[in-house]
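Novice: Structure file protein.txt (compact mmCIF, C-alpha atoms) is given on the next line.
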```
# COMPACT_ATOMS: atom_id res chain seq x y z
CA MET A 1 253.54 344.17 184.02
CA LYS A 2 250.60 341.99 184.85
CA GLU A 3 249.55 340.28 188.05
CA ALA A 4 250.85 336.79 188.76
CA HIS A 5 248.32 333.99 188.57
CA GLY A 6 248.12 331.21 191.11
CA GLY A 7 250.69 329.82 193.51
CA PRO A 8 251.31 328.74 197.08
CA ARG A 9 249.40 330.07 200.03
CA ALA A 10 250.55 333.37 201.48
CA ARG A 11 250.51 334.41 205.10
CA ALA A 12 249.36 337.86 206.10
CA GLY A 13 249.09 339.84 209.31
CA SER A 14 251.46 340.32 212.23
CA GLY A 15 251.88 338.99 215.74
CA ALA A 16 250.33 335.64 216.61
CA ALA A 17 247.38 336.13 214.27
CA GLU A 18 248.25 334.84 210.79
CA ALA A 19 245.53 334.14 208.25
CA ALA A 20 246.04 331.56 205.50
CA LEU A 21 245.06 333.19 202.22
CA ASP A 22 244.49 331.66 198.82
CA ALA A 23 246.76 334.17 197.06
CA PRO A 24 249.00 334.27 193.96
CA LEU A 25 252.48 332.80 193.97
CA VAL A 26 254.03 336.25 194.07
CA SER A 27 252.44 336.77 197.50
CA LEU A 28 255.41 335.09 199.13
CA ALA A 29 257.13 338.40 198.39
CA ALA A 30 254.39 340.36 200.17
CA LYS A 31 254.34 344.07 199.43
CA ASN A 32 256.33 345.38 202.35
CA SER A 33 258.08 348.74 202.36
CA GLY A 34 259.96 350.70 204.96
CA GLY A 35 261.74 349.21 207.96
CA ALA A 36 262.35 345.67 209.09
CA ASN A 37 258.93 344.82 210.50
CA GLN A 38 257.98 341.30 211.51
CA ALA A 39 256.57 340.43 208.08
CA GLY A 40 259.74 341.73 206.43
CA VAL A 41 261.97 339.66 208.69
CA ARG A 42 259.86 336.57 208.01
CA LEU A 43 260.09 337.18 204.26
CA TYR A 44 263.85 337.63 204.43
CA ASN A 45 264.32 334.44 206.45
CA GLU A 46 262.11 332.42 204.11
CA ARG A 47 264.15 333.50 201.12
CA LEU A 48 267.40 332.89 202.97
CA LEU A 49 266.42 329.33 203.85
CA LEU A 50 265.26 328.58 200.32
CA SER A 51 268.57 329.89 199.01
CA LEU A 52 270.59 327.70 201.37
CA VAL A 53 268.64 324.54 200.56
CA ARG A 54 268.88 325.27 196.83
CA ARG A 55 272.64 325.71 196.95
CA PHE A 56 273.71 323.11 199.51
CA GLY A 57 271.12 320.44 198.81
CA PRO A 58 268.92 318.71 201.41
CA LEU A 59 269.45 320.19 204.89
CA SER A 60 268.00 319.37 208.27
CA LYS A 61 266.50 322.05 210.48
CA ILE A 62 269.48 321.82 212.83
CA GLU A 63 271.92 322.28 209.94
CA VAL A 64 269.99 325.32 208.71
CA ALA A 65 269.95 326.79 212.22
CA ARG A 66 273.73 326.45 212.40
CA LEU A 67 274.21 328.06 208.98
CA THR A 68 271.94 331.03 209.66
CA GLY A 69 272.32 331.69 213.37
CA LEU A 70 268.57 331.37 213.80
CA SER A 71 267.20 329.44 216.75
CA VAL A 72 266.12 325.87 216.05
CA GLN A 73 262.58 326.86 216.99
CA SER A 74 262.50 329.70 214.42
CA THR A 75 264.12 327.53 211.77
CA SER A 76 261.60 324.75 212.35
CA ALA A 77 258.67 327.15 212.07
CA ILE A 78 259.97 328.67 208.83
CA MET A 79 260.75 325.34 207.19
CA ASN A 80 257.35 323.96 208.20
CA ARG A 81 255.68 326.96 206.57
CA LEU A 82 257.71 326.50 203.40
CA GLN A 83 256.79 322.83 203.34
CA SER A 84 253.13 323.73 203.85
CA ASP A 85 253.40 326.13 200.91
CA GLY A 86 254.80 323.33 198.76
CA LEU A 87 258.22 324.93 198.32
CA LEU A 88 260.17 322.43 200.43
CA LYS A 89 259.66 318.70 200.82
CA ARG A 90 260.86 316.12 203.33
CA GLU A 91 263.47 313.58 202.32
CA ALA A 92 264.07 310.16 203.85
CA PRO A 93 265.12 310.32 207.55
CA LEU A 94 268.84 309.96 208.29
CA ARG A 95 269.21 307.16 210.84
CA GLY A 96 272.15 305.61 212.62
CA ARG A 97 272.95 308.59 214.84
CA VAL A 98 272.36 309.18 218.52
CA GLY A 99 268.86 310.44 219.26
CA GLN A 100 265.95 310.94 216.91
CA PRO A 101 266.65 310.58 213.17
CA THR A 102 267.11 313.88 211.37
CA ILE A 103 264.85 314.67 208.41
CA PRO A 104 266.51 316.73 205.67
CA MET A 105 264.39 318.96 203.50
CA SER A 106 264.97 319.82 199.87
CA ILE A 107 263.53 322.08 197.19
CA ASP A 108 260.23 320.68 195.95
CA PRO A 109 260.51 320.73 192.15
CA GLU A 110 256.73 321.20 191.90
CA GLY A 111 256.78 324.22 194.21
CA ALA A 112 256.90 326.68 191.32
CA TYR A 113 257.29 326.75 187.55
CA SER A 114 258.51 329.36 185.13
CA PHE A 115 258.82 329.98 181.41
CA GLY A 116 261.95 331.14 179.64
CA LEU A 117 261.98 332.49 176.09
CA LYS A 118 265.34 332.75 174.36
CA ILE A 119 265.39 334.86 171.21
CA GLY A 120 268.42 333.76 169.24
CA ARG A 121 269.98 334.66 165.91
CA ARG A 122 269.10 331.30 164.35
CA SER A 123 266.21 330.03 166.49
CA CYS A 124 264.02 330.82 169.47
CA ASP A 125 263.34 328.45 172.36
CA LEU A 126 260.57 328.40 174.92
CA VAL A 127 261.24 326.24 177.98
CA LEU A 128 259.16 325.41 181.04
CA ILE A 129 261.31 324.75 184.10
CA ASP A 130 260.46 323.55 187.58
CA PHE A 131 261.58 324.99 190.92
CA ARG A 132 264.89 323.11 190.72
CA GLY A 133 265.67 324.45 187.25
CA ALA A 134 265.01 321.24 185.32
CA ILE A 135 263.44 321.66 181.89
CA ARG A 136 259.99 320.02 181.91
CA GLN A 137 258.83 321.01 178.43
CA ARG A 138 260.31 322.88 175.51
CA ALA A 139 259.46 324.17 172.04
CA ARG A 140 261.80 325.46 169.35
CA GLN A 141 261.36 327.51 166.19
CA PRO A 142 264.31 327.68 163.76
CA TYR A 143 264.59 330.50 161.23
CA ALA A 144 267.11 332.13 158.92
CA PHE A 145 266.92 335.34 160.94
CA PRO A 146 264.59 336.59 163.70
CA THR A 147 261.69 338.99 163.20
CA PRO A 148 259.22 340.28 165.80
CA ALA A 149 256.31 338.69 163.92
CA LYS A 150 257.94 335.25 164.03
CA ILE A 151 258.64 335.55 167.75
CA LEU A 152 255.11 336.64 168.65
CA ALA A 153 253.54 333.86 166.56
CA PHE A 154 255.80 331.28 168.20
CA VAL A 155 254.95 332.43 171.73
CA ARG A 156 251.23 332.64 170.98
CA ASP A 157 251.20 329.08 169.63
CA SER A 158 253.58 327.39 172.06
CA LEU A 159 252.77 328.92 175.44
CA PRO A 160 249.33 327.29 175.87
CA ILE A 161 250.66 323.87 174.87
CA LEU A 162 253.47 323.97 177.40
CA SER A 163 251.36 325.39 180.22
CA ASN A 164 248.57 322.87 179.69
CA SER A 165 251.06 320.08 180.27
CA LEU A 166 251.07 321.01 183.98
CA GLY A 167 247.38 320.60 184.64
CA ALA A 168 245.23 323.03 186.61
CA ALA A 169 247.18 322.79 189.90
CA GLY A 170 250.55 323.22 188.23
CA LYS A 171 249.40 326.19 186.16
CA ARG A 172 248.52 328.04 189.36
CA ARG A 173 252.18 327.79 190.36
CA ILE A 174 253.62 329.45 187.26
CA ALA A 175 255.68 332.43 188.42
CA GLY A 176 256.04 334.17 185.08
CA LEU A 177 257.84 334.40 181.74
CA GLY A 178 261.40 335.65 181.39
CA VAL A 179 262.55 336.81 177.97
CA ALA A 180 266.26 336.53 177.14
CA ALA A 181 267.03 338.55 174.02
CA PRO A 182 270.07 340.23 172.45
CA PHE A 183 269.90 344.00 172.57
CA GLN A 184 270.06 346.07 169.38
CA LEU A 185 269.56 343.13 167.05
CA TRP A 186 269.47 345.45 164.05
CA ASN A 187 273.19 346.19 164.48
CA TRP A 188 274.13 342.61 163.55
CA GLU A 189 272.21 342.30 160.30
CA ALA A 190 275.30 341.49 158.19
CA GLU A 191 276.68 338.95 160.64
CA ILE A 192 273.30 337.23 160.89
CA GLY A 193 273.05 337.09 157.12
CA ALA A 194 269.68 338.84 156.92
CA PRO A 195 268.69 340.87 153.84
CA PRO A 196 269.35 344.64 154.08
CA GLY A 197 266.69 346.30 156.20
CA ALA A 198 265.14 343.00 157.34
CA MET A 199 266.08 343.65 160.97
CA ASP A 200 264.83 347.24 161.12
CA ALA A 201 261.53 346.14 162.69
CA TRP A 202 263.42 345.47 165.93
CA ARG A 203 264.12 349.20 166.29
CA ARG A 204 260.41 349.84 166.87
CA PHE A 205 259.57 346.63 168.73
CA ASP A 206 259.11 346.80 172.52
CA ALA A 207 259.70 343.11 173.19
CA GLU A 208 258.67 343.17 176.85
CA SER A 209 255.32 344.89 176.39
CA GLU A 210 254.45 343.15 173.12
CA ILE A 211 255.10 339.68 174.55
CA ALA A 212 253.39 340.60 177.82
CA ALA A 213 250.27 341.49 175.83
CA ILE A 214 249.87 337.86 174.69
CA CYS A 215 251.12 336.20 177.90
CA PRO A 216 248.88 335.62 180.96
CA TYR A 217 251.86 335.71 183.32
CA PRO A 218 254.19 338.50 184.52
CA THR A 219 256.81 339.14 181.84
CA THR A 220 260.40 340.24 182.35
CA LEU A 221 262.95 341.16 179.66
CA CYS A 222 266.70 340.70 180.08
CA ASN A 223 269.75 340.72 177.84
CA ASP A 224 270.33 337.13 176.73
CA ALA A 225 273.91 336.88 178.02
CA THR A 226 272.93 338.42 181.36
CA ALA A 227 270.14 335.85 181.57
CA ALA A 228 272.67 333.07 180.90
CA CYS A 229 274.77 334.45 183.74
CA ALA A 230 271.66 334.34 185.96
CA ALA A 231 271.24 330.64 185.14
CA GLU A 232 274.82 329.91 186.16
CA PHE A 233 274.46 331.96 189.34
CA PHE A 234 271.07 330.58 190.38
CA PHE A 235 271.25 326.95 189.23
CA GLY A 236 274.92 326.31 188.40
CA ARG A 237 278.18 325.94 190.30
CA CYS A 238 279.43 329.50 190.28
CA TRP A 239 277.30 330.81 193.15
CA ARG A 240 280.40 329.88 195.20
CA TYR A 241 282.13 332.96 193.80
CA ARG A 242 281.05 336.28 195.23
CA ASP A 243 282.46 338.19 192.24
CA PHE A 244 282.79 336.80 188.74
CA LEU A 245 282.73 337.87 185.12
CA TYR A 246 280.81 335.58 182.78
CA PHE A 247 281.51 335.01 179.08
CA PHE A 248 278.81 333.26 177.05
CA VAL A 249 280.25 332.10 173.74
CA GLY A 250 277.27 331.70 171.45
CA GLU A 251 276.64 332.57 167.83
CA PHE A 252 277.71 336.00 169.08
CA LEU A 253 279.62 336.42 172.32
CA GLY A 254 278.03 338.20 175.29
CA GLY A 255 278.62 338.54 178.99
CA GLY A 256 277.25 338.88 182.49
CA LEU A 257 278.46 340.38 185.75
CA VAL A 258 278.16 339.26 189.39
CA LEU A 259 279.47 341.56 192.11
CA ASP A 260 279.11 341.18 195.88
CA GLY A 261 277.00 338.08 195.38
CA ALA A 262 274.49 339.85 193.13
CA LEU A 263 273.74 339.84 189.42
CA ARG A 264 274.32 343.33 188.02
CA PRO A 265 272.39 344.15 184.84
CA GLY A 266 273.64 347.74 184.93
CA ARG A 267 272.04 351.14 184.49
CA THR A 268 270.37 350.25 181.18
CA GLY A 269 270.46 346.47 181.44
CA ASN A 270 273.53 346.32 179.22
CA ALA A 271 276.28 345.77 181.79
CA ALA A 272 279.08 343.38 180.76
CA ALA A 273 278.53 343.96 177.05
CA LEU A 274 281.72 342.00 176.56
CA GLY A 275 281.17 341.39 172.87
CA SER A 276 281.85 345.08 172.27
CA MET A 277 285.12 345.05 174.22
CA PRO A 278 288.07 346.07 171.98
CA ILE A 279 290.87 343.54 171.65
CA MET A 280 294.48 344.29 170.79
CA ALA A 281 295.01 344.77 167.05
CA LYS A 282 297.18 342.18 165.31
CA SER A 283 299.36 344.76 163.57
CA VAL A 284 300.54 348.31 164.21
CA GLY A 285 298.07 350.88 162.94
CA ALA A 286 295.27 348.37 162.42
CA ALA A 287 291.89 348.99 164.00
CA ALA A 288 291.26 347.12 167.22
CA PRO A 289 288.58 344.48 166.60
CA GLN A 290 285.76 343.80 169.03
CA LEU A 291 285.75 340.60 171.07
CA ILE A 292 282.56 339.50 169.31
CA ALA A 293 284.56 339.21 166.06
CA CYS A 294 287.26 337.07 167.70
CA ALA A 295 285.48 334.67 170.04
CA SER A 296 282.04 333.96 168.57
CA ILE A 297 280.77 330.74 167.05
CA TYR A 298 279.82 332.45 163.80
CA GLN A 299 283.57 332.75 163.15
CA LEU A 300 283.88 328.96 163.39
CA GLU A 301 280.95 328.63 160.97
CA ARG A 302 282.76 330.84 158.46
CA GLN A 303 285.96 328.81 158.80
CA LEU A 304 284.01 325.60 158.15
CA GLU A 305 282.32 327.12 155.10
CA ALA A 306 285.71 328.23 153.75
CA ALA A 307 286.79 324.57 154.02
CA GLY A 308 283.72 323.42 152.08
CA ILE A 309 281.80 322.25 155.17
CA ASP A 310 278.23 323.32 155.91
CA GLY A 311 278.59 325.73 158.84
CA SER A 312 275.02 325.13 159.99
CA SER A 313 276.01 321.55 160.85
CA ILE A 314 277.35 322.98 164.12
CA LEU A 315 273.78 323.55 165.26
CA ALA A 316 272.72 320.11 164.03
CA THR A 317 275.32 318.40 166.24
CA PRO A 318 275.29 320.35 169.51
CA ASP A 319 276.71 317.49 171.57
CA SER A 320 279.71 316.58 169.46
CA TRP A 321 281.95 318.56 167.13
CA GLY A 322 284.41 315.77 166.51
CA GLU A 323 284.23 316.05 162.72
CA PHE A 324 285.39 319.68 162.83
CA ALA A 325 288.78 318.80 164.33
CA SER A 326 291.21 321.01 162.42
CA GLN A 327 288.96 324.06 162.12
CA LEU A 328 287.85 323.67 165.73
CA GLU A 329 291.42 323.62 167.04
CA HIS A 330 292.23 326.81 165.15
CA TRP A 331 289.06 328.49 166.41
CA ILE A 332 289.74 327.51 170.03
CA ASP A 333 293.23 329.01 169.82
CA GLU A 334 291.96 332.31 168.40
CA ALA A 335 289.01 332.55 170.78
CA ALA A 336 291.13 331.66 173.82
CA CYS A 337 293.69 334.30 172.97
CA ALA A 338 291.00 336.96 172.69
CA LEU A 339 289.30 335.80 175.92
CA ALA A 340 292.63 335.87 177.76
CA TYR A 341 293.29 339.50 176.76
CA ALA A 342 289.70 340.41 177.65
CA THR A 343 290.22 338.80 181.05
CA LEU A 344 293.40 340.79 181.58
CA ALA A 345 291.58 344.03 180.77
CA ALA A 346 288.64 343.14 183.02
CA ILE A 347 290.65 342.26 186.13
CA SER A 348 292.64 345.47 185.79
CA VAL A 349 289.35 347.25 186.59
CA ILE A 350 287.79 344.80 189.08
CA ASP A 351 289.71 342.02 190.81
CA PHE A 352 287.24 339.27 189.98
CA GLU A 353 287.48 336.09 191.99
CA ALA A 354 286.70 334.08 188.87
CA ILE A 355 286.23 334.32 185.12
CA VAL A 356 283.55 331.91 183.88
CA ILE A 357 283.45 330.67 180.28
CA ASP A 358 280.24 329.01 179.11
CA GLY A 359 278.65 328.69 175.72
CA GLU A 360 276.57 327.02 173.08
CA MET A 361 278.95 324.14 172.53
CA PRO A 362 279.63 320.58 173.69
CA PRO A 363 280.91 320.31 177.29
CA THR A 364 284.25 318.94 176.09
CA VAL A 365 284.78 321.96 173.83
CA ARG A 366 283.81 324.30 176.65
CA GLU A 367 286.40 322.68 178.93
CA ARG A 368 289.07 322.89 176.22
CA LEU A 369 288.31 326.54 175.58
CA ALA A 370 288.54 327.40 179.29
CA ALA A 371 291.77 325.42 179.66
CA ARG A 372 293.37 327.06 176.62
CA THR A 373 292.32 330.51 177.88
CA ARG A 374 294.08 329.76 181.18
CA GLU A 375 297.24 328.74 179.33
CA VAL A 376 297.33 331.96 177.32
CA PHE A 377 296.43 334.09 180.33
CA VAL A 378 299.28 332.88 182.55
CA GLY A 379 301.74 333.90 179.84
CA LEU A 380 300.55 337.51 179.75
CA ASP A 381 302.11 340.40 181.64
CA ARG A 382 299.99 340.40 184.83
CA ARG A 383 302.20 342.56 187.03
CA GLY A 384 300.19 344.53 189.60
CA LEU A 385 297.06 342.39 189.16
CA SER A 386 295.39 339.99 191.58
CA GLU A 387 295.08 336.30 190.79
CA THR A 388 291.81 335.01 189.34
CA GLU A 389 290.43 331.59 188.46
CA ILE A 390 289.36 330.84 184.90
CA VAL A 391 286.72 328.11 184.96
CA ALA A 392 284.18 326.53 182.64
CA GLY A 393 280.50 327.19 183.23
CA SER A 394 278.10 324.38 184.09
CA ILE A 395 274.83 325.11 182.25
CA GLY A 396 275.83 325.15 178.58
CA ALA A 397 273.73 325.67 175.48
CA ASP A 398 270.44 326.09 177.35
CA ALA A 399 271.81 328.77 179.69
CA ARG A 400 269.97 331.66 178.02
CA ALA A 401 266.58 329.95 177.99
CA ILE A 402 266.99 328.60 181.53
CA GLY A 403 268.27 331.99 182.63
CA GLY A 404 265.21 333.66 181.19
CA ALA A 405 263.03 331.23 183.13
CA ALA A 406 265.07 331.89 186.26
CA LEU A 407 264.16 335.60 186.27
CA PRO A 408 260.62 335.21 187.68
CA LEU A 409 261.89 332.69 190.26
CA ILE A 410 264.65 335.06 191.33
CA LYS A 411 262.15 337.87 191.67
CA ASN A 412 259.83 335.84 193.83
CA PHE A 413 262.15 333.62 195.84
CA ALA A 414 265.79 334.79 195.80
CA ARG A 415 267.41 336.04 198.98
CA ASP A 416 268.77 339.43 197.95
CA ARG A 417 266.98 342.29 196.27
CA GLU A 418 270.13 342.98 194.25
CA VAL A 419 270.12 339.55 192.64
CA LEU A 420 267.87 340.92 189.94
CA PHE A 421 267.17 344.31 188.46
CA LYS A 422 268.35 346.72 191.10
CA ASP A 423 269.12 349.25 188.40
CA ALA A 424 267.13 351.24 185.88
CA ILE A 425 266.03 348.25 183.82
CA SER A 426 263.75 347.20 186.68
CA GLN A 427 262.23 350.51 187.58
CA THR A 428 259.18 349.90 185.40
CA SER A 429 258.45 346.66 187.26
CA ARG A 430 256.30 346.80 190.36
CA TYR A 431 257.82 343.50 191.47
CA SER A 432 261.20 345.11 192.04
CA LYS A 433 259.62 346.82 195.06
CA LEU A 434 258.67 343.58 196.79
CA LEU A 435 262.06 343.03 198.40
CA ARG A 436 262.65 346.46 199.92
CA THR A 437 262.00 345.37 203.47
CA ALA A 438 264.78 342.81 203.41
CA SER A 439 267.29 344.77 201.33
CA ASP A 440 269.57 345.88 204.16
CA LEU A 441 269.11 343.19 206.79
CA GLY A 442 272.45 341.51 206.19
CA SER A 443 273.33 338.01 205.10
CA ARG A 444 272.27 336.06 208.17
CA GLY A 445 268.83 335.09 209.40
CA MET A 446 267.11 337.09 212.11
CA ASP A 447 264.72 335.84 214.74
CA GLY A 448 261.55 337.83 214.61
```
Mind turning the file's structure into structure tokens?

Specialist:
Amino acid sequence: MKEAHGGPRARAGSGAAEAALDAPLVSLAAKNSGGANQAGVRLYNERLLLSLVRRFGPLSKIEVARLTGLSVQSTSAIMNRLQSDGLLKREAPLRGRVGQPTIPMSIDPEGAYSFGLKIGRRSCDLVLIDFRGAIRQRARQPYAFPTPAKILAFVRDSLPILSNSLGAAGKRRIAGLGVAAPFQLWNWEAEIGAPPGAMDAWRRFDAESEIAAICPYPTTLCNDATAACAAEFFFGRCWRYRDFLYFFVGEFLGGGLVLDGALRPGRTGNAAALGSMPIMAKSVGAAAPQLIACASIYQLERQLEAAGIDGSSILATPDSWGEFASQLEHWIDEAACALAYATLAAISVIDFEAIVIDGEMPPTVRERLAARTREVFVGLDRRGLSETEIVAGSIGADARAIGGAALPLIKNFARDREVLFKDAISQTSRYSKLLRTASDLGSRGMDG
């Protein structure tokens, strides 16, 4: 990993003496280790307040004090510091109440920026997002199948163009680059349609280090479906659920896992590899297929091609699949049935509060798929199992790229250490150590 470049001011020292330093963006997560010293408490509270404002929208200092249990004085000091650092901004005063008008504060979209690189089976995307998660710039490279050389050339050419769009001040606030990539790409050579042996180069390609070598910002690698789950958890609606299982229905299906309010990549970064989950065989004695073969978009492409329709037209019309009516209806039924059985298997292990279904498809199709999955699920034998909600995700086709870009922001600004890379996948990253001080301080703010 490389050092971060640029960013808001950082505060150092303890007690009343605090020096304003011109330090990198990552300095907000100052390198604290050990117990809950004053700097650690301040760091924890800053992240907590940012998290609340991100999730609930503009909040006044009094509202934040009520939510956290902090004193109004402490809340005011923290929010003023965050505003000074450019991470929060004042909104219009709320008048018409008794006393002085309250001034809500919101996330400043220009407080930080981040890059997300999605490596897909048919194309790769590089996006630049702001602190609110909005895409500011993007570049795309289509291909018949991915190769390491194509990915590196794309990043080398596109990264400077996108970063230069921010200007000098904005470039100093870039938190990093998150790479969202499928694991073990070589295993899906036939499904991708690549020539025999064409994907073998991925066996020897260390994506994180190779991309980091041509990127001037800290680089983080994550499974693409886990990254999509991070986008939903960080920027979407599903942060309201403390535990949820996430299905991303793309060209190939993948998944993500949130437990106890934290994203869980797993021991090797491959947690919630839902595409590999076996699904009930359709006949006695038949081999149980994997979920990836029953609820992936490549299956819809094959059905369209069998009907004499160009399957690649799905990618050409990402906002509307109206012309695929009959094949689409059949695919939704098959995919929903498989997702319902996968849900049943999953909640028999962990009683998830919600099952989230997102994907690379129009919002209307996503809603239909979630609704049909609910219909099938309620008809299954669920004796002895807890109830769960089955809901549609809110990010959609860009979830993997936005999720990749969310990784550096989560590392630098999220409330909980567990939100990203608690497990072995993060142990090579020095940035995973930045949150240790606040890891066990609880969920509420602390005066200190």

Novice: Would you compute the distance between CA of Ser296 (chain A) and CA of Lys150 (chain A)? Give it in Å to one decimal.

Specialist: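 Between CA of Ser296 (chain A) and CA of Lys150 (chain A) the gap works out to 24.6 Å.
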
Novice: Quick one: everything within 9 Å of Phe324 (chain A), counting all atoms listed in the file, minus sequence neighbours fewer than 5 positions away in the same chain. Send it as a PyMOL selection string.

Specialist: chain A and resi 304+309+314+329

Novice: Here's a test: counting all atoms listed in the file, identify every protein, DNA and RNA residue with an atom at most 10 Å from (289.7, 337.8, 189.2) in the file's coordinate frame, and state them as a ChimeraX atom specification.

Specialist: /A:243-245,343-344,346-355,385-390

Novice: Point out the residue among A:Thr147, A:Ile192, A:Ala325, A:Glu110 with the least atom-to-atom distance to Gly167 (chain A), counting only C-alpha atoms.

Specialist: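 Ranking A:Thr147, A:Ile192, A:Ala325, A:Glu110 by distance to Gly167 (chain A), first place goes to A:Glu110.
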
Novice: Which residues of region 78-163 of chain A have any atom within 7 Å of an atom in region 397-418 of chain A when counting only C-alpha atoms, and what is the closest pair of atoms for each, with the distance in Å to one decimal? Order the rows by chain and rising number and write it as JSON lines.

Specialist:
```
{"residue": "A:Ser114", "atom": "CA", "partner": "A:Ala405", "partner_atom": "CA", "distance": 5.3}
{"residue": "A:Phe115", "atom": "CA", "partner": "A:Ala405", "partner_atom": "CA", "distance": 4.7}
{"residue": "A:Gly116", "atom": "CA", "partner": "A:Ala405", "partner_atom": "CA", "distance": 3.7}
{"residue": "A:Leu117", "atom": "CA", "partner": "A:Ala401", "partner_atom": "CA", "distance": 5.6}
{"residue": "A:Lys118", "atom": "CA", "partner": "A:Ala401", "partner_atom": "CA", "distance": 4.7}
{"residue": "A:Asp125", "atom": "CA", "partner": "A:Ala401", "partner_atom": "CA", "distance": 6.7}
{"residue": "A:Leu126", "atom": "CA", "partner": "A:Ala401", "partner_atom": "CA", "distance": 6.9}
{"residue": "A:Val127", "atom": "CA", "partner": "A:Ala401", "partner_atom": "CA", "distance": 6.5}
{"residue": "A:Ile129", "atom": "CA", "partner": "A:Ala405", "partner_atom": "CA", "distance": 6.8}
```

Novice: Could you list, as an NGL selection string, every residue within 9 Å of Asp130 (chain A), counting all atoms listed in the file and ignoring same-chain residues fewer than 2 positions away?

Specialist: :A and (108-114 or 128 or 132-136)

Novice: Could you save the residues just selected, with C-alpha atoms, as a PDB file, in the coordinates of the input?

Specialist:
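Once everything was written out, this is selection38.pdb:
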```pdb
ATOM      1  CA  ASP A 108     260.230 320.680 195.950  1.00  0.00           C
ATOM      2  CA  PRO A 109     260.510 320.730 192.150  1.00  0.00           C
ATOM      3  CA  GLU A 110     256.730 321.200 191.900  1.00  0.00           C
ATOM      4  CA  GLY A 111     256.780 324.220 194.210  1.00  0.00           C
ATOM      5  CA  ALA A 112     256.900 326.680 191.320  1.00  0.00           C
ATOM      6  CA  TYR A 113     257.290 326.750 187.550  1.00  0.00           C
ATOM      7  CA  SER A 114     258.510 329.360 185.130  1.00  0.00           C
ATOM      8  CA  LEU A 128     259.160 325.410 181.040  1.00  0.00           C
ATOM      9  CA  ARG A 132     264.890 323.110 190.720  1.00  0.00           C
ATOM     10  CA  GLY A 133     265.670 324.450 187.250  1.00  0.00           C
ATOM     11  CA  ALA A 134     265.010 321.240 185.320  1.00  0.00           C
ATOM     12  CA  ILE A 135     263.440 321.660 181.890  1.00  0.00           C
ATOM     13  CA  ARG A 136     259.990 320.020 181.910  1.00  0.00           C
TER      14      ARG A 136
END
```

Novice: At what distance in Å, to one decimal, does CA of Tyr217 (chain A) lie from CA of Asn164 (chain A)?

Specialist: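 Answer for the CA of Asn164 (chain A) to CA of Tyr217 (chain A) separation: 13.7 Å.
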
Novice: Rounded to one decimal, what separation in Å do you get between CA of Pro93 (chain A) and CA of Leu43 (chain A)?

Specialist: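 These two atoms are separated by 27.5 Å.
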
Novice: Would you list the contacts of region 104-107 of chain A as JSON, numbers by chain, taking every protein, DNA or RNA residue within 7 Å and counting all atoms listed in the file, but skipping same-chain residues closer than 2 positions in sequence?

Specialist: {"A": [53, 54, 57, 58, 59, 60, 87, 88, 89, 90, 91, 93, 102, 109, 132]}

Novice: Using only C-alpha atoms, which protein or nucleic acid residues come within 7 Å of Pro278 (chain A)? Drop anything in the same chain fewer than 4 positions from it, and give the result as a count of residues only.

Specialist: 4

Novice: Report as a list in words all protein, DNA and RNA residues lying within 10 Å of Ala144 (chain A), evaluated on all atoms listed in the file, omitting residues in the same chain fewer than 5 positions from it.

Specialist: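 The contact residues come out as Arg121, Arg122, Ser123, Ile192, Gly193 and Ala194 of chain A.
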